[in-house]
Amino acid sequence: MALKKEPEKHPNHERWLVSYADFITLLFAVFTTLYAMSITDKKKVEEIMQSLQASFGMVSAGTPAPKINVVPSRPMNIIPSVKPEMSIAPSGRARSGQAKVRAEEKDFRQIKSAIEAYLIKQGAQDKVTLSITRRGLIVSLKEAGFFDPGQARIKTSGYDLINTIAEAMTQYNNPLRLEGHTDSTPISTAQFPSNWELSAARATNGLQYLIKYFDIDPNKISATGYGEFRPVADNATPDGRAKNRRVDLVMLSDEGERGEP
């Protein structure tokens, strides 16, 4: 008796779904693992950042910085301040532990360019003017940006600019001079009987601030007051008088130093 032949099975055209489902499952597992790893790394990075901030005494994000009350403690209205935060310095600056070198004309140009770029970034071009002469690099701090009228105390808002300028200039060992100037408008107060005292006090306050916070040899820095007797513009106009009310920070060249008393 002949065996009954089983009917032929039709090919299953949906078997690919099994492999596809396995592939999707594995892919999901891979991405889940990667996501978990990234979350772990992020937490570790945050922990490291918080640890570093705590080590350096930095304020964590979202916490307001403590207010610092600045109180005058010297008869010349010199304001103690927090240690300045430096902004820029020329690429040829002396590293810690290295002897400073003397700036030459090319260095003056480099410093001038760096400070001018910073002033443009801060929108403070009207507060400072720079020039290079035979005496050296002259940075003129205008009264409007750094002093109140008839006062010798440096305004708090002026410290950031002073810090940036001083950081760029004190990388070298050239002598520095601070020279106070006023316009021709007379002043007669109990503190400043004339423009001589006002101009000298402003220069001296700047000198004391630089000595306190920057690496400057006291033998290489001095301050003087010229009153209204060395104008750079005509005192007959308001604009000219504004230009004359200034403190010049002069970084002396070799020739400029030889011409000093």
# chains A, B, ... in the order shown; residues from 1 in each chain; ligands from 1

call {"tool": "residues_around", "arguments": {"residues": "A:Ser222", "least_positions_apart": "6", "cutoff": "12 Å", "atoms": "only C-alpha atoms", "output": "list in words"}}
result
Pro175, Leu176, Arg177, Leu178, Glu179, Gly180, Ala200, Ala203, Thr204, Asn205, Gly206, Leu207, Gln208, Leu210, Ile211, Ile216, Asp248, Leu249, Val250, Met251, Leu252, Glu260 and Pro261 of chain A

call {"tool": "write_last_selection", "arguments": {"atoms": "N, CA and C atoms", "output": "PDB file, in the first residue's frame"}}
result
ATOM      1  N   PRO A 175      60.935 101.651  34.184  1.00  0.00           N
ATOM      2  CA  PRO A 175      60.400 102.548  35.216  1.00  0.00           C
ATOM      3  C   PRO A 175      59.025 103.073  34.820  1.00  0.00           C
ATOM      4  N   LEU A 176      58.185 103.278  35.815  1.00  0.00           N
ATOM      5  CA  LEU A 176      56.839 103.804  35.600  1.00  0.00           C
ATOM      6  C   LEU A 176      56.678 105.129  36.338  1.00  0.00           C
ATOM      7  N   ARG A 177      55.982 106.049  35.691  1.00  0.00           N
ATOM      8  CA  ARG A 177      55.671 107.324  36.334  1.00  0.00           C
ATOM      9  C   ARG A 177      54.178 107.572  36.236  1.00  0.00           C
ATOM     10  N   LEU A 178      53.575 108.009  37.337  1.00  0.00           N
ATOM     11  CA  LEU A 178      52.184 108.436  37.325  1.00  0.00           C
ATOM     12  C   LEU A 178      52.167 109.953  37.469  1.00  0.00           C
ATOM     13  N   GLU A 179      51.558 110.606  36.493  1.00  0.00           N
ATOM     14  CA  GLU A 179      51.592 112.068  36.435  1.00  0.00           C
ATOM     15  C   GLU A 179      50.163 112.607  36.410  1.00  0.00           C
ATOM     16  N   GLY A 180      49.798 113.328  37.474  1.00  0.00           N
ATOM     17  CA  GLY A 180      48.465 113.884  37.571  1.00  0.00           C
ATOM     18  C   GLY A 180      48.361 115.234  36.888  1.00  0.00           C
ATOM     19  N   ALA A 200      48.423 115.783  42.361  1.00  0.00           N
ATOM     20  CA  ALA A 200      49.396 114.935  43.043  1.00  0.00           C
ATOM     21  C   ALA A 200      48.709 113.805  43.804  1.00  0.00           C
ATOM     22  N   ALA A 203      47.614 111.004  41.367  1.00  0.00           N
ATOM     23  CA  ALA A 203      48.766 110.205  40.939  1.00  0.00           C
ATOM     24  C   ALA A 203      49.257 109.299  42.057  1.00  0.00           C
ATOM     25  N   THR A 204      49.280 109.829  43.294  1.00  0.00           N
ATOM     26  CA  THR A 204      49.755 109.036  44.426  1.00  0.00           C
ATOM     27  C   THR A 204      48.812 107.884  44.743  1.00  0.00           C
ATOM     28  N   ASN A 205      47.501 108.113  44.631  1.00  0.00           N
ATOM     29  CA  ASN A 205      46.548 107.029  44.859  1.00  0.00           C
ATOM     30  C   ASN A 205      46.752 105.899  43.850  1.00  0.00           C
ATOM     31  N   GLY A 206      46.977 106.268  42.594  1.00  0.00           N
ATOM     32  CA  GLY A 206      47.253 105.258  41.581  1.00  0.00           C
ATOM     33  C   GLY A 206      48.532 104.496  41.874  1.00  0.00           C
ATOM     34  N   LEU A 207      49.561 105.205  42.302  1.00  0.00           N
ATOM     35  CA  LEU A 207      50.834 104.560  42.637  1.00  0.00           C
ATOM     36  C   LEU A 207      50.655 103.556  43.767  1.00  0.00           C
ATOM     37  N   GLN A 208      49.948 103.960  44.833  1.00  0.00           N
ATOM     38  CA  GLN A 208      49.759 103.063  45.969  1.00  0.00           C
ATOM     39  C   GLN A 208      48.992 101.807  45.571  1.00  0.00           C
ATOM     40  N   LEU A 210      48.952 100.351  42.563  1.00  0.00           N
ATOM     41  CA  LEU A 210      49.826  99.493  41.764  1.00  0.00           C
ATOM     42  C   LEU A 210      50.863  98.797  42.636  1.00  0.00           C
ATOM     43  N   ILE A 211      51.423  99.523  43.591  1.00  0.00           N
ATOM     44  CA  ILE A 211      52.416  98.926  44.494  1.00  0.00           C
ATOM     45  C   ILE A 211      51.794  97.789  45.299  1.00  0.00           C
ATOM     46  N   ILE A 216      55.814  95.293  41.318  1.00  0.00           N
ATOM     47  CA  ILE A 216      56.537  96.487  40.890  1.00  0.00           C
ATOM     48  C   ILE A 216      57.616  96.815  41.909  1.00  0.00           C
ATOM     49  N   ASP A 248      48.396 110.398  33.707  1.00  0.00           N
ATOM     50  CA  ASP A 248      49.200 109.687  32.715  1.00  0.00           C
ATOM     51  C   ASP A 248      50.041 108.615  33.396  1.00  0.00           C
ATOM     52  N   LEU A 249      49.899 107.374  32.923  1.00  0.00           N
ATOM     53  CA  LEU A 249      50.769 106.285  33.359  1.00  0.00           C
ATOM     54  C   LEU A 249      51.808 106.097  32.263  1.00  0.00           C
ATOM     55  N   VAL A 250      53.050 106.465  32.584  1.00  0.00           N
ATOM     56  CA  VAL A 250      54.117 106.502  31.580  1.00  0.00           C
ATOM     57  C   VAL A 250      55.083 105.347  31.829  1.00  0.00           C
ATOM     58  N   MET A 251      55.263 104.524  30.805  1.00  0.00           N
ATOM     59  CA  MET A 251      56.241 103.433  30.829  1.00  0.00           C
ATOM     60  C   MET A 251      57.473 103.932  30.076  1.00  0.00           C
ATOM     61  N   LEU A 252      58.521 104.271  30.803  1.00  0.00           N
ATOM     62  CA  LEU A 252      59.644 104.989  30.226  1.00  0.00           C
ATOM     63  C   LEU A 252      60.513 104.104  29.334  1.00  0.00           C
ATOM     64  N   GLU A 260      64.898 111.810  32.663  1.00  0.00           N
ATOM     65  CA  GLU A 260      64.252 112.056  33.946  1.00  0.00           C
ATOM     66  C   GLU A 260      65.260 112.597  34.955  1.00  0.00           C
ATOM     67  N   PRO A 261      64.794 113.388  35.919  1.00  0.00           N
ATOM     68  CA  PRO A 261      65.719 113.903  36.944  1.00  0.00           C
ATOM     69  C   PRO A 261      66.187 112.786  37.846  1.00  0.00           C
TER      70      PRO A 261
END

call {"tool": "select_by_dssp", "arguments": {"residues": "stretch 108-250 of chain A", "states": "alpha helix (DSSP H)", "output": "ChimeraX atom specification"}}
result
/A:108-122,143-146,159-169,195-213,238-244

call {"tool": "closest_atom_pairs", "arguments": {"of": "stretch 208-246 of chain A", "to": "stretch 140-146 of chain A", "cutoff": "7 Å", "atoms": "only C-alpha atoms", "output": "Markdown table"}}
result
| residue | atom | partner | partner_atom | distance |
| --- | --- | --- | --- | --- |
| A:Lys243 | CA | A:Lys142 | CA | 6.8 |
| A:Arg245 | CA | A:Glu143 | CA | 5.4 |
| A:Arg246 | CA | A:Lys142 | CA | 4.4 |

call {"tool": "write_last_selection", "arguments": {"atoms": "N, CA and C atoms", "output": "short mmCIF file (atom, residue, chain, number, x, y, z; two decimals), in the first residue's frame"}}
result
data_model
loop_
_atom_site.label_atom_id
_atom_site.label_comp_id
_atom_site.auth_asym_id
_atom_site.auth_seq_id
_atom_site.Cartn_x
_atom_site.Cartn_y
_atom_site.Cartn_z
N LYS A 243 39.96 116.76 28.27
CA LYS A 243 41.19 116.05 27.89
C LYS A 243 42.34 116.36 28.85
N ARG A 245 42.09 116.93 32.10
CA ARG A 245 41.89 116.29 33.41
C ARG A 245 42.19 114.80 33.27
N ARG A 246 43.37 114.40 33.69
CA ARG A 246 43.82 113.04 33.43
C ARG A 246 44.95 112.64 34.38
#

call {"tool": "closest_residue", "arguments": {"among": "A:Phe229, A:Ile154, A:Glu104, A:Thr170", "to": "A:Ala201", "atoms": "only C-alpha atoms"}}
result
A:Ile154

call {"tool": "residues_around", "arguments": {"residues": "A:Arg230", "least_positions_apart": "6", "cutoff": "9 Å", "atoms": "only C-alpha atoms", "output": "PyMOL selection string"}}
result
chain A and resi 181-182+244

call {"tool": "write_last_selection", "arguments": {"atoms": "N, CA and C atoms", "output": "tab-separated table (two decimals), in the first residue's frame"}}
result
chain	number	residue	atom	x	y	z
A	181	HIS	N	47.24	115.48	36.22
A	181	HIS	CA	47.00	116.74	35.50
A	181	HIS	C	45.56	117.19	35.74
A	182	THR	N	45.34	118.48	35.71
A	182	THR	CA	43.99	119.04	35.82
A	182	THR	C	43.79	120.06	34.70
A	244	ASN	N	42.35	117.53	29.42
A	244	ASN	CA	43.43	117.92	30.32
A	244	ASN	C	43.30	117.28	31.69

call {"tool": "closest_residue", "arguments": {"among": "A:Arg102, A:Arg135, A:Arg202, A:Lys155", "to": "A:Val247", "atoms": "only C-alpha atoms"}}
result
A:Arg202

call {"tool": "closest_residue", "arguments": {"among": "A:Ser199, A:Ser131, A:Ile111, A:Asn174", "to": "A:Ala223", "atoms": "only C-alpha atoms"}}
result
A:Ser199

call {"tool": "atom_distance", "arguments": {"atom1": "atom CA of A:Trp196", "atom2": "atom CA of A:Tyr226"}}
result
6.2 Å

call {"tool": "atom_distance", "arguments": {"atom1": "atom CA of A:Lys112", "atom2": "atom CA of A:Asp254"}}
result
17.6 Å

call {"tool": "atom_distance", "arguments": {"atom1": "atom CA of A:Phe23", "atom2": "atom CA of A:Tyr35"}}
result
18.4 Å

call {"tool": "closest_residue", "arguments": {"among": "A:Gly259, A:Leu137, A:Ala233, A:Thr224", "to": "A:Lys106", "atoms": "only C-alpha atoms"}}
result
A:Leu137
